[in-house]
Every structure is written in C-alpha cells, then in structure tokens.
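As stored in run.txt (compact mmCIF, C-alpha atoms and all ligand atoms):
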```txt
# COMPACT_ATOMS: atom_id res chain seq x y z
CA MET A 957 35.52 -84.56 0.70
CA SER A 958 37.53 -83.82 -2.37
CA ARG A 959 38.16 -80.32 -0.98
CA ALA A 960 39.68 -81.84 2.20
CA ALA A 961 41.80 -84.20 0.11
CA GLY A 962 43.00 -81.22 -1.94
CA LEU A 963 44.03 -79.33 1.20
CA LEU A 964 45.86 -82.35 2.55
CA LEU A 965 47.71 -82.76 -0.72
CA LEU A 966 48.63 -79.07 -0.70
CA ALA A 967 49.92 -79.35 2.87
CA LEU A 968 52.02 -82.39 2.00
CA VAL A 969 53.42 -80.80 -1.13
CA SER A 970 54.33 -77.55 0.60
CA VAL A 971 56.08 -79.39 3.44
CA GLY A 972 58.01 -81.34 0.84
CA CYS A 973 59.15 -78.06 -0.76
CA ARG A 974 60.23 -76.46 2.46
CA GLN A 975 63.77 -75.14 2.28
CA ASP A 976 65.65 -73.76 5.23
CA MET A 977 68.22 -71.00 4.78
CA HIS A 978 70.90 -73.16 6.32
CA ASP A 979 70.22 -75.74 3.69
CA GLN A 980 70.14 -73.62 0.54
CA PRO A 981 72.23 -74.43 -2.54
CA LYS A 982 75.56 -72.71 -2.06
CA TYR A 983 79.28 -73.25 -2.35
CA SER A 984 81.52 -73.40 0.68
CA PRO A 985 84.84 -71.55 0.35
CA LEU A 986 87.23 -73.35 -2.03
CA GLU A 987 84.66 -76.05 -2.80
CA LYS A 988 84.82 -77.83 -6.16
CA SER A 989 82.41 -76.50 -8.78
CA GLY A 990 80.88 -78.25 -11.75
CA PHE A 991 79.86 -74.93 -13.27
CA PHE A 992 83.15 -73.13 -13.95
CA ALA A 993 85.65 -74.54 -16.42
CA ASP A 994 88.49 -74.42 -13.88
CA ARG A 995 86.27 -76.25 -11.34
CA ARG A 996 86.90 -73.60 -8.68
CA ALA A 997 83.86 -72.26 -6.83
CA SER A 998 85.93 -69.44 -5.28
CA ARG A 999 86.61 -67.19 -8.24
CA PRO A 1000 90.04 -65.63 -8.75
CA ILE A 1001 90.16 -61.93 -7.76
CA PRO A 1002 90.43 -59.71 -10.86
CA ALA A 1003 93.87 -58.13 -11.22
CA GLY A 1004 94.08 -54.68 -9.66
CA SER A 1005 91.21 -55.24 -7.22
CA VAL A 1006 91.48 -53.27 -3.99
CA ALA A 1007 89.45 -54.19 -0.93
CA ARG A 1008 87.21 -51.44 0.32
CA GLY A 1009 89.07 -49.11 2.69
CA LEU A 1010 92.49 -50.50 1.74
CA LEU A 1011 93.38 -48.20 -1.16
CA LYS A 1012 96.83 -46.81 -0.39
CA ASP A 1013 97.17 -44.23 -3.12
CA ASP A 1014 98.84 -41.56 -0.98
CA THR A 1015 102.48 -42.73 -0.88
CA ARG A 1016 103.63 -39.99 1.50
CA PHE A 1017 100.91 -40.78 3.98
CA HIS A 1018 101.16 -44.57 3.75
CA THR A 1019 104.94 -45.07 3.56
CA GLY A 1020 106.46 -41.82 4.86
CA MET A 1021 108.76 -42.01 1.83
CA VAL A 1022 109.17 -40.30 -1.51
CA ASN A 1023 111.67 -41.83 -3.94
CA ASN A 1024 112.91 -44.06 -1.13
CA ARG A 1025 113.79 -41.07 1.06
CA PRO A 1026 111.92 -40.28 4.29
CA ILE A 1027 109.75 -37.19 4.02
CA THR A 1028 110.61 -34.15 6.13
CA GLU A 1029 107.13 -32.58 6.36
CA MET A 1030 104.13 -34.08 8.13
CA PRO A 1031 101.56 -35.29 5.56
CA VAL A 1032 98.68 -34.33 7.89
CA PRO A 1033 97.93 -31.07 9.72
CA VAL A 1034 99.46 -31.00 13.20
CA THR A 1035 96.72 -30.02 15.63
CA ALA A 1036 96.43 -30.13 19.41
CA GLU A 1037 94.00 -32.99 18.94
CA LEU A 1038 96.54 -34.97 16.89
CA LEU A 1039 99.20 -34.48 19.56
CA LYS A 1040 96.82 -35.66 22.29
CA ARG A 1041 96.03 -38.75 20.27
CA GLY A 1042 99.74 -39.31 19.64
CA GLN A 1043 100.49 -38.99 23.34
CA GLU A 1044 97.84 -41.54 24.19
CA ARG A 1045 99.02 -44.03 21.54
CA PHE A 1046 102.68 -43.48 22.44
CA ASN A 1047 101.94 -44.19 26.09
CA ILE A 1048 100.22 -47.43 25.12
CA TYR A 1049 102.61 -48.79 22.50
CA CYS A 1050 106.03 -47.22 22.93
CA VAL A 1051 106.52 -46.33 26.60
CA PRO A 1052 107.14 -49.94 27.72
CA CYS A 1053 110.53 -49.76 25.98
CA HIS A 1054 111.23 -46.10 25.14
CA ASP A 1055 109.83 -44.71 28.45
CA ALA A 1056 107.57 -41.68 28.74
CA THR A 1057 110.28 -39.19 27.79
CA GLY A 1058 111.73 -41.26 24.94
CA SER A 1059 115.14 -41.69 26.54
CA GLY A 1060 114.99 -45.47 26.11
CA GLU A 1061 114.79 -46.62 29.72
CA GLY A 1062 111.41 -48.34 29.57
CA MET A 1063 110.46 -51.16 31.92
CA ILE A 1064 111.07 -53.87 29.31
CA VAL A 1065 114.54 -52.47 28.70
CA ARG A 1066 115.22 -52.50 32.43
CA ARG A 1067 114.21 -56.16 32.35
CA GLY A 1068 116.70 -57.04 29.63
CA MET A 1069 115.50 -55.84 26.22
CA LYS A 1070 118.13 -54.15 24.07
CA ARG A 1071 118.28 -50.46 24.96
CA PRO A 1072 117.01 -48.26 22.12
CA THR A 1073 118.83 -45.09 21.16
CA SER A 1074 117.44 -42.08 23.02
CA TYR A 1075 115.17 -39.83 20.91
CA HIS A 1076 117.24 -36.96 22.26
CA THR A 1077 120.44 -37.83 20.46
CA GLU A 1078 121.47 -35.47 17.70
CA ARG A 1079 120.89 -38.18 15.08
CA LEU A 1080 117.27 -38.79 16.05
CA ARG A 1081 116.49 -35.15 16.84
CA THR A 1082 117.37 -34.28 13.28
CA ALA A 1083 115.88 -37.43 11.71
CA PRO A 1084 113.01 -36.62 9.32
CA VAL A 1085 109.40 -37.39 10.33
CA GLY A 1086 109.17 -40.00 7.58
CA TYR A 1087 111.98 -41.95 9.28
CA PHE A 1088 109.97 -42.38 12.48
CA TYR A 1089 106.91 -43.38 10.48
CA ASP A 1090 109.01 -45.99 8.69
CA VAL A 1091 110.38 -47.43 11.95
CA ILE A 1092 106.83 -47.85 13.30
CA THR A 1093 105.66 -49.36 10.01
CA ASN A 1094 108.57 -51.72 9.28
CA GLY A 1095 110.41 -52.09 12.57
CA TYR A 1096 114.09 -51.43 13.15
CA GLY A 1097 116.74 -53.95 14.22
CA ALA A 1098 115.55 -55.67 17.38
CA MET A 1099 112.30 -53.66 17.40
CA TYR A 1100 109.44 -55.35 15.63
CA ASP A 1101 106.99 -53.34 13.56
CA TYR A 1102 103.67 -51.95 14.76
CA SER A 1103 101.84 -51.87 11.43
CA ALA A 1104 99.26 -54.41 12.59
CA GLN A 1105 98.49 -52.64 15.87
CA ILE A 1106 98.66 -48.97 14.83
CA GLU A 1107 96.85 -47.63 11.78
CA PRO A 1108 98.61 -45.06 9.54
CA ALA A 1109 96.79 -41.97 10.92
CA ASP A 1110 97.77 -42.97 14.47
CA ARG A 1111 101.38 -43.61 13.40
CA TRP A 1112 101.56 -39.97 12.26
CA ALA A 1113 100.00 -38.85 15.53
CA ILE A 1114 102.77 -40.72 17.38
CA VAL A 1115 105.44 -39.20 15.13
CA ALA A 1116 104.10 -35.71 15.90
CA TYR A 1117 104.18 -36.52 19.60
CA ILE A 1118 107.80 -37.75 19.38
CA ARG A 1119 108.62 -34.26 18.09
CA VAL A 1120 106.91 -32.87 21.21
CA LEU A 1121 109.08 -35.09 23.43
CA GLN A 1122 112.19 -33.97 21.59
CA ARG A 1123 111.30 -30.31 21.93
CA ALA A 1124 110.50 -30.85 25.59
CA GLN A 1125 114.08 -32.01 26.25
CA SER A 1126 115.84 -29.47 24.08
CA GLY A 1127 113.85 -26.32 24.74
CA THR A 1128 115.50 -23.01 25.52
CA ILE A 1129 114.19 -19.76 26.95
CA ASN A 1130 113.60 -18.66 23.34
CA ASP A 1131 110.80 -21.23 23.06
CA VAL A 1132 108.81 -19.47 25.79
CA PRO A 1133 106.32 -16.88 24.48
CA PRO A 1134 107.76 -13.42 25.37
CA ASP A 1135 104.77 -12.45 27.53
CA GLN A 1136 105.31 -15.54 29.70
CA VAL A 1137 109.07 -15.28 30.23
CA SER A 1138 108.69 -13.19 33.37
CA SER A 1139 106.51 -15.87 35.00
CA ILE A 1140 109.29 -18.45 34.82
CA LYS A 1141 111.33 -18.98 37.95
CA PRO A 1142 114.85 -20.23 37.28
CA ALA A 1143 115.38 -23.54 39.08
CA GLY A 1144 118.45 -23.08 41.23
CA GLY A 1145 120.21 -20.70 38.90
CA SER A 1146 119.87 -18.74 35.73
CA LEU A 1147 118.16 -20.20 32.66
C1 LIG A 1201 109.36 -54.00 22.98
C2 LIG A 1201 110.20 -52.83 23.03
C3 LIG A 1201 109.89 -51.70 22.08
C4 LIG A 1201 108.69 -51.08 21.85
C5 LIG A 1201 107.36 -51.38 22.50
C6 LIG A 1201 108.96 -50.04 20.88
N1 LIG A 1201 110.28 -50.03 20.55
FE1 LIG A 1201 111.21 -48.71 19.34
N2 LIG A 1201 112.95 -49.66 19.63
C7 LIG A 1201 113.15 -50.74 20.45
C8 LIG A 1201 114.51 -51.19 20.36
C9 LIG A 1201 115.13 -52.37 21.12
C10 LIG A 1201 115.16 -50.33 19.46
C11 LIG A 1201 116.61 -50.42 18.98
C12 LIG A 1201 116.68 -51.54 17.99
C13 LIG A 1201 118.08 -51.85 17.53
O1 LIG A 1201 118.94 -50.95 17.61
O2 LIG A 1201 118.29 -52.98 17.07
C14 LIG A 1201 114.15 -49.36 19.03
C15 LIG A 1201 114.40 -48.33 18.18
C16 LIG A 1201 113.49 -47.34 17.86
C17 LIG A 1201 113.80 -46.14 17.13
C18 LIG A 1201 115.18 -45.68 16.74
C19 LIG A 1201 115.72 -46.17 15.47
C20 LIG A 1201 117.14 -45.63 15.32
O3 LIG A 1201 117.43 -45.12 14.25
O4 LIG A 1201 117.96 -45.75 16.26
C21 LIG A 1201 112.64 -45.44 16.99
C22 LIG A 1201 112.44 -44.12 16.29
C23 LIG A 1201 111.60 -46.21 17.64
N3 LIG A 1201 112.16 -47.36 18.16
C24 LIG A 1201 110.29 -45.83 17.72
C25 LIG A 1201 109.31 -46.56 18.39
C26 LIG A 1201 107.93 -46.16 18.47
C27 LIG A 1201 107.36 -44.90 17.86
C28 LIG A 1201 107.30 -47.10 19.21
C29 LIG A 1201 105.83 -47.18 19.53
C30 LIG A 1201 104.95 -47.23 18.39
C31 LIG A 1201 108.26 -48.09 19.60
N4 LIG A 1201 109.48 -47.73 19.10
C32 LIG A 1201 107.99 -49.19 20.39
C33 LIG A 1201 112.21 -51.36 21.24
C34 LIG A 1201 110.88 -51.03 21.26
```
What do you get writing this file as structure tokens?
Amino acid sequence: MSRAAGLLLLALVSVGCRQDMHDQPKYSPLEKSGFFADRRASRPIPAGSVARGLLKDDTRFHTGMVNNRPITEMPVPVTAELLKRGQERFNIYCVPCHDATGSGEGMIVRRGMKRPTSYHTERLRTAPVGYFYDVITNGYGAMYDYSAQIEPADRWAIVAYIRVLQRAQSGTINDVPPDQVSSIKPAGGSL
C-alpha cells in the first residue's frame, strides 16, 4: 500500500516538474533583464566584432579601389570558368538595360529608362576594372547598385565578362591566332 502511494506521489511530483522546451527560461530579443546592470537582455556587440563570413580584409577584392583609385588589374585569376559565370550573371542582371552586347539598348531602356553609355565608347573601353566593380557595388547616376543581389566574387566575374564584350566589339585580325587566320572568310570585303 505504501509502495503504491509512493509511486503515485512520484508520478505527481514528476508531472509537476515537467518543463517543455517552448516554455524554458529565456530572454526574447531586446527583453528587459533584471540580471545585467544596464537592464538589457540583448548584450551590446563587442567593438571590432565581425560576423562569420563577413570579414572584408581584402580591400582590392571588396572595393575595387586602392587609395580611392580604381584598380587596373583583376584581383582574381581570370579563367574560362570565371568568364562563363560572368556571362551568366551579366545576362541575368545587366542585359535588361545594357543589352547582351553592352551597347545600352536593353528592353528596359527601350521602354523609357535612361540610356546608359555604351561599353564600347573609348571612355569605358579604357576604364579600369575597379571602376566597373565600383559601379556594380555602389551604383552610378540613375543606375542603382547591385551589392545586395550580386556577391563580390560574381561582381568580378561580370567585370571580366564586360572585358570580353568590349574585346568582341573592338577585335582586329591581329586577335585571331595565326594558325586560324586562313579559316576566316571576309564578310563582303577584306578584313
Ligand atoms: C535597370 C537598368 C540597369 C541595369 C539592370 C543595370 N544598369 Fe548599368 N546603367 C544603367 C543606367 C541608366 C546607366 C547610366 C546612368 C546615368 O548615366 O545616370 C548605367 C550605367 C552603367 C555603367 C557606366 C557608367 C559610366 O561611367 O558611364 C556601367 C559600367 C554599368 N552601368 C554596369 C552595369 C552592370 C555591370 C550591370 C549588371 C550588374 C548593370 N549596369 C545593370 C542602367 C542599368
């Protein structure tokens, strides 16, 4: 009898102690605290803290600038893979306004957006790579920035691809490898 009473008591006591995870002692964000002197449950972030994955210690890579001047050399190796990636990203994010060749006749422009300068003007053909990176990162005039949509590595891929577009429009016979020159047929005249 006393054994049964003991079990019953144990059952009652353990039910009374039951604590669900959703009901555990905890602070909600920005809740008042009686524990810390400043009464804030959300503790201030120590100065100099950097969230994981957000350390931007490579200025060239992350800003395209050195001493406030756009860099002239790509900060990453230019590979066929990078160019492919750049082409894909360019076609997603830039073609609507700059069109697939970069001349600035994209569909949104044809529907009324301000017409961007063609990438094939002398000024933009000779503009340093860091300049293009900066335009993508910070925007330019009527063009808003793409820093939220395009991560830094992809911005460089796009910059490399813009160089491809520029070369594609300004190539000469000297750009053709010598062993392939003979396979080129002049279109309606000499090259
Ligand atoms: C919604 C339309 C739009 C999209 C999308 C867009 N741009 Fe632009 N872009 C513009 C306009 C408009 C200008 C000219 C702005 C001005 O002169 O005020 C411009 C200007 C530029 C310039 C030239 C700056 C100069 O010195 O003349 C570059 C380079 C450029 N954009 C790169 C890009 C790249 C790279 C992308 C894709 C990541 C992109 N843009 C996407 C509209 C766009």
With 8 Å added on each side, what axis-aligned box encloses every listed atom of ligand LIG 1201 (chain A)? Give the centre and edge lengths in Å to one decimal, as JSON.
```
{"center_x": 111.9, "center_y": -49.1, "center_z": 18.6, "size_x": 30.0, "size_y": 25.9, "size_z": 24.8}
```
Have a look at A:Glu1061, A:Phe1046, A:Arg1067, A:Gln1105 and name the one nearest to ligand LIG 1201 (chain A); count only C-alpha atoms and all ligand atoms.
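Between A:Glu1061, A:Phe1046, A:Arg1067, A:Gln1105, the residue approaching ligand LIG 1201 (chain A) most closely is A:Phe1046.
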Radius query 12 Å about (106.8, -41.5, 28.2), atoms used: all atoms listed in the file, as a PyMOL selection string
chain A and resi 1042-1063+1074-1075+1114+1117-1118+1120-1122+1124
Rounded to one decimal in Å, what is the spacing between CA of Ser1103 (chain A) and atom C24 of ligand LIG 1201 (chain A)?
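Answer for the CA of Ser1103 (chain A) to atom C24 of ligand LIG 1201 (chain A) separation: 12.1 Å.
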What's the 8 Å shell around Arg1111 (chain A), counting all atoms listed in the file, without same-chain residues fewer than 6 positions away, as an NGL selection string?
:A and (1042 or 1089 or 1092-1093)
Hey, can you check how far atom C12 of ligand LIG 1201 (chain A) sits from CA of Asp1014 (chain A)?
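Separation between atom C12 of ligand LIG 1201 (chain A) and CA of Asp1014 (chain A): 27.9 Å.
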A:Asn1094, A:Thr1019, A:Gln980, A:Ser998: which is nearest ligand LIG 1201 (chain A), counting all atoms listed in the file?
A:Asn1094
Could you check the closest approach to ligand LIG 1201 (chain A) for each of A:Leu1038, A:Ala997, A:Ile1064, A:Ile1027 and tell me which residue wins, using all atoms listed in the file?
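Counting all atoms listed in the file, the residue closest to ligand LIG 1201 (chain A) is A:Ile1064.
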For the atom pair CA of Arg959 (chain A) and CA of Arg974 (chain A), what is the interatomic distance in Å to one decimal place?
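These two atoms are separated by 22.7 Å.
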Counting all atoms listed in the file, what is within 12 Å of Ala1098 (chain A), bar same-chain residues fewer than 2 positions away, as a ChimeraX atom specification?
/A:1053,1065,1069-1073,1091,1094-1096,1100-1101
Keeping only C-alpha atoms, take the residues you just selected and write them out as a PDB file, keeping the file's coordinate frame.
```
ATOM      1  CA  CYS A1053     110.530 -49.760  25.980  1.00  0.00           C
ATOM      2  CA  VAL A1065     114.540 -52.470  28.700  1.00  0.00           C
ATOM      3  CA  MET A1069     115.500 -55.840  26.220  1.00  0.00           C
ATOM      4  CA  LYS A1070     118.130 -54.150  24.070  1.00  0.00           C
ATOM      5  CA  ARG A1071     118.280 -50.460  24.960  1.00  0.00           C
ATOM      6  CA  PRO A1072     117.010 -48.260  22.120  1.00  0.00           C
ATOM      7  CA  THR A1073     118.830 -45.090  21.160  1.00  0.00           C
ATOM      8  CA  VAL A1091     110.380 -47.430  11.950  1.00  0.00           C
ATOM      9  CA  ASN A1094     108.570 -51.720   9.280  1.00  0.00           C
ATOM     10  CA  GLY A1095     110.410 -52.090  12.570  1.00  0.00           C
ATOM     11  CA  TYR A1096     114.090 -51.430  13.150  1.00  0.00           C
ATOM     12  CA  TYR A1100     109.440 -55.350  15.630  1.00  0.00           C
ATOM     13  CA  ASP A1101     106.990 -53.340  13.560  1.00  0.00           C
TER      14      ASP A1101
END
```
Select, from A:Pro1033, A:His1076, A:Pro1133, A:Thr1128, the residue with the minimum atom-to-atom distance to Ala1109 (chain A), counting all atoms listed in the file.
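For Ala1109 (chain A), the nearest of the candidates is A:Pro1033.
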Quick one: of A:Tyr1102, A:Phe991, A:Trp1112, A:Tyr983, who's nearest to ligand LIG 1201 (chain A), counting all atoms listed in the file?
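Under the stated criterion, the closest residue is A:Tyr1102.
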Counting only C-alpha atoms and all ligand atoms, figure out which residue out of A:Leu1080, A:Ala1104, A:Val1022, A:Ala1113 gets nearest to ligand LIG 1201 (chain A).
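Using only C-alpha atoms and all ligand atoms, the shortest distance to ligand LIG 1201 (chain A) belongs to A:Leu1080.
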Counting all atoms listed in the file, note down every residue that has an atom within 10 Å of the point (103.0, -33.3, 7.3) (file coordinates), as JSON, numbers by chain.
{"A": [1016, 1017, 1020, 1027, 1028, 1029, 1030, 1031, 1032, 1033, 1034, 1085, 1086, 1112, 1116]}
Rebuild region 1110-1121 of chain A so that it carries all heavy atoms, then output the result as a PDB file, in the frame of the given file.
```pdb
ATOM      1  N   ASP A1110      97.249 -42.974  13.102  1.00  0.00           N
ATOM      2  CA  ASP A1110      97.770 -42.970  14.470  1.00  0.00           C
ATOM      3  C   ASP A1110      99.299 -42.996  14.488  1.00  0.00           C
ATOM      4  O   ASP A1110      99.924 -42.472  15.410  1.00  0.00           O
ATOM      5  CB  ASP A1110      97.214 -44.159  15.260  1.00  0.00           C
ATOM      6  CG  ASP A1110      95.792 -43.901  15.747  1.00  0.00           C
ATOM      7  OD1 ASP A1110      95.376 -42.721  15.754  1.00  0.00           O
ATOM      8  OD2 ASP A1110      95.104 -44.869  16.102  1.00  0.00           O
ATOM      9  N   ARG A1111      99.905 -43.621  13.457  1.00  0.00           N
ATOM     10  CA  ARG A1111     101.380 -43.610  13.400  1.00  0.00           C
ATOM     11  C   ARG A1111     101.855 -42.162  13.253  1.00  0.00           C
ATOM     12  O   ARG A1111     102.815 -41.751  13.906  1.00  0.00           O
ATOM     13  CB  ARG A1111     101.882 -44.430  12.205  1.00  0.00           C
ATOM     14  CG  ARG A1111     101.682 -45.930  12.400  1.00  0.00           C
ATOM     15  CD  ARG A1111     102.104 -46.715  11.173  1.00  0.00           C
ATOM     16  NE  ARG A1111     101.140 -47.779  10.912  1.00  0.00           N
ATOM     17  CZ  ARG A1111     101.027 -48.454   9.785  1.00  0.00           C
ATOM     18  NH1 ARG A1111     101.839 -48.197   8.780  1.00  0.00           N
ATOM     19  NH2 ARG A1111     100.116 -49.389   9.644  1.00  0.00           N
ATOM     20  N   TRP A1112     101.163 -41.382  12.425  1.00  0.00           N
ATOM     21  CA  TRP A1112     101.560 -39.970  12.260  1.00  0.00           C
ATOM     22  C   TRP A1112     101.315 -39.187  13.547  1.00  0.00           C
ATOM     23  O   TRP A1112     102.084 -38.288  13.887  1.00  0.00           O
ATOM     24  CB  TRP A1112     100.825 -39.344  11.066  1.00  0.00           C
ATOM     25  CG  TRP A1112     101.397 -39.815   9.759  1.00  0.00           C
ATOM     26  CD1 TRP A1112     100.773 -40.566   8.791  1.00  0.00           C
ATOM     27  CD2 TRP A1112     102.731 -39.603   9.274  1.00  0.00           C
ATOM     28  NE1 TRP A1112     101.638 -40.826   7.766  1.00  0.00           N
ATOM     29  CE2 TRP A1112     102.834 -40.249   8.024  1.00  0.00           C
ATOM     30  CE3 TRP A1112     103.845 -38.939   9.786  1.00  0.00           C
ATOM     31  CZ2 TRP A1112     104.025 -40.237   7.274  1.00  0.00           C
ATOM     32  CZ3 TRP A1112     105.019 -38.933   9.037  1.00  0.00           C
ATOM     33  CH2 TRP A1112     105.102 -39.574   7.800  1.00  0.00           C
ATOM     34  N   ALA A1113     100.245 -39.534  14.264  1.00  0.00           N
ATOM     35  CA  ALA A1113     100.000 -38.850  15.530  1.00  0.00           C
ATOM     36  C   ALA A1113     101.150 -39.124  16.493  1.00  0.00           C
ATOM     37  O   ALA A1113     101.630 -38.216  17.188  1.00  0.00           O
ATOM     38  CB  ALA A1113      98.668 -39.335  16.127  1.00  0.00           C
ATOM     39  N   ILE A1114     101.640 -40.364  16.513  1.00  0.00           N
ATOM     40  CA  ILE A1114     102.770 -40.720  17.380  1.00  0.00           C
ATOM     41  C   ILE A1114     104.030 -39.977  16.951  1.00  0.00           C
ATOM     42  O   ILE A1114     104.770 -39.441  17.782  1.00  0.00           O
ATOM     43  CB  ILE A1114     102.996 -42.254  17.375  1.00  0.00           C
ATOM     44  CG1 ILE A1114     101.866 -42.954  18.108  1.00  0.00           C
ATOM     45  CG2 ILE A1114     104.352 -42.605  17.982  1.00  0.00           C
ATOM     46  CD1 ILE A1114     101.910 -44.474  18.040  1.00  0.00           C
ATOM     47  N   VAL A1115     104.259 -39.911  15.636  1.00  0.00           N
ATOM     48  CA  VAL A1115     105.440 -39.200  15.130  1.00  0.00           C
ATOM     49  C   VAL A1115     105.402 -37.736  15.586  1.00  0.00           C
ATOM     50  O   VAL A1115     106.404 -37.195  16.075  1.00  0.00           O
ATOM     51  CB  VAL A1115     105.511 -39.277  13.583  1.00  0.00           C
ATOM     52  CG1 VAL A1115     106.616 -38.365  13.049  1.00  0.00           C
ATOM     53  CG2 VAL A1115     105.736 -40.713  13.128  1.00  0.00           C
ATOM     54  N   ALA A1116     104.227 -37.105  15.472  1.00  0.00           N
ATOM     55  CA  ALA A1116     104.100 -35.710  15.900  1.00  0.00           C
ATOM     56  C   ALA A1116     104.406 -35.585  17.384  1.00  0.00           C
ATOM     57  O   ALA A1116     105.055 -34.640  17.830  1.00  0.00           O
ATOM     58  CB  ALA A1116     102.701 -35.192  15.581  1.00  0.00           C
ATOM     59  N   TYR A1117     103.944 -36.567  18.157  1.00  0.00           N
ATOM     60  CA  TYR A1117     104.180 -36.520  19.600  1.00  0.00           C
ATOM     61  C   TYR A1117     105.659 -36.743  19.944  1.00  0.00           C
ATOM     62  O   TYR A1117     106.170 -36.174  20.912  1.00  0.00           O
ATOM     63  CB  TYR A1117     103.289 -37.522  20.330  1.00  0.00           C
ATOM     64  CG  TYR A1117     103.456 -37.438  21.823  1.00  0.00           C
ATOM     65  CD1 TYR A1117     103.045 -36.307  22.516  1.00  0.00           C
ATOM     66  CD2 TYR A1117     104.058 -38.474  22.537  1.00  0.00           C
ATOM     67  CE1 TYR A1117     103.234 -36.203  23.887  1.00  0.00           C
ATOM     68  CE2 TYR A1117     104.247 -38.381  23.904  1.00  0.00           C
ATOM     69  CZ  TYR A1117     103.836 -37.239  24.568  1.00  0.00           C
ATOM     70  OH  TYR A1117     104.021 -37.135  25.924  1.00  0.00           O
ATOM     71  N   ILE A1118     106.356 -37.559  19.146  1.00  0.00           N
ATOM     72  CA  ILE A1118     107.800 -37.750  19.380  1.00  0.00           C
ATOM     73  C   ILE A1118     108.517 -36.400  19.215  1.00  0.00           C
ATOM     74  O   ILE A1118     109.425 -36.072  19.974  1.00  0.00           O
ATOM     75  CB  ILE A1118     108.389 -38.802  18.401  1.00  0.00           C
ATOM     76  CG1 ILE A1118     107.885 -40.191  18.795  1.00  0.00           C
ATOM     77  CG2 ILE A1118     109.926 -38.774  18.414  1.00  0.00           C
ATOM     78  CD1 ILE A1118     108.320 -41.310  17.861  1.00  0.00           C
ATOM     79  N   ARG A1119     108.051 -35.599  18.247  1.00  0.00           N
ATOM     80  CA  ARG A1119     108.620 -34.260  18.090  1.00  0.00           C
ATOM     81  C   ARG A1119     108.380 -33.407  19.347  1.00  0.00           C
ATOM     82  O   ARG A1119     109.234 -32.629  19.762  1.00  0.00           O
ATOM     83  CB  ARG A1119     108.008 -33.558  16.867  1.00  0.00           C
ATOM     84  CG  ARG A1119     108.571 -34.041  15.539  1.00  0.00           C
ATOM     85  CD  ARG A1119     109.997 -33.543  15.357  1.00  0.00           C
ATOM     86  NE  ARG A1119     110.546 -33.851  14.050  1.00  0.00           N
ATOM     87  CZ  ARG A1119     111.576 -34.684  13.847  1.00  0.00           C
ATOM     88  NH1 ARG A1119     112.159 -35.291  14.859  1.00  0.00           N
ATOM     89  NH2 ARG A1119     112.022 -34.895  12.630  1.00  0.00           N
ATOM     90  N   VAL A1120     107.204 -33.579  19.961  1.00  0.00           N
ATOM     91  CA  VAL A1120     106.910 -32.870  21.210  1.00  0.00           C
ATOM     92  C   VAL A1120     107.914 -33.277  22.283  1.00  0.00           C
ATOM     93  O   VAL A1120     108.502 -32.444  22.972  1.00  0.00           O
ATOM     94  CB  VAL A1120     105.475 -33.165  21.695  1.00  0.00           C
ATOM     95  CG1 VAL A1120     105.255 -32.595  23.092  1.00  0.00           C
ATOM     96  CG2 VAL A1120     104.451 -32.620  20.718  1.00  0.00           C
ATOM     97  N   LEU A1121     108.134 -34.589  22.419  1.00  0.00           N
ATOM     98  CA  LEU A1121     109.080 -35.090  23.430  1.00  0.00           C
ATOM     99  C   LEU A1121     110.465 -34.521  23.187  1.00  0.00           C
ATOM    100  O   LEU A1121     111.164 -34.130  24.123  1.00  0.00           O
ATOM    101  CB  LEU A1121     109.133 -36.624  23.382  1.00  0.00           C
ATOM    102  CG  LEU A1121     107.872 -37.366  23.833  1.00  0.00           C
ATOM    103  CD1 LEU A1121     108.046 -38.870  23.633  1.00  0.00           C
ATOM    104  CD2 LEU A1121     107.572 -37.065  25.300  1.00  0.00           C
TER     105      LEU A1121
END
```
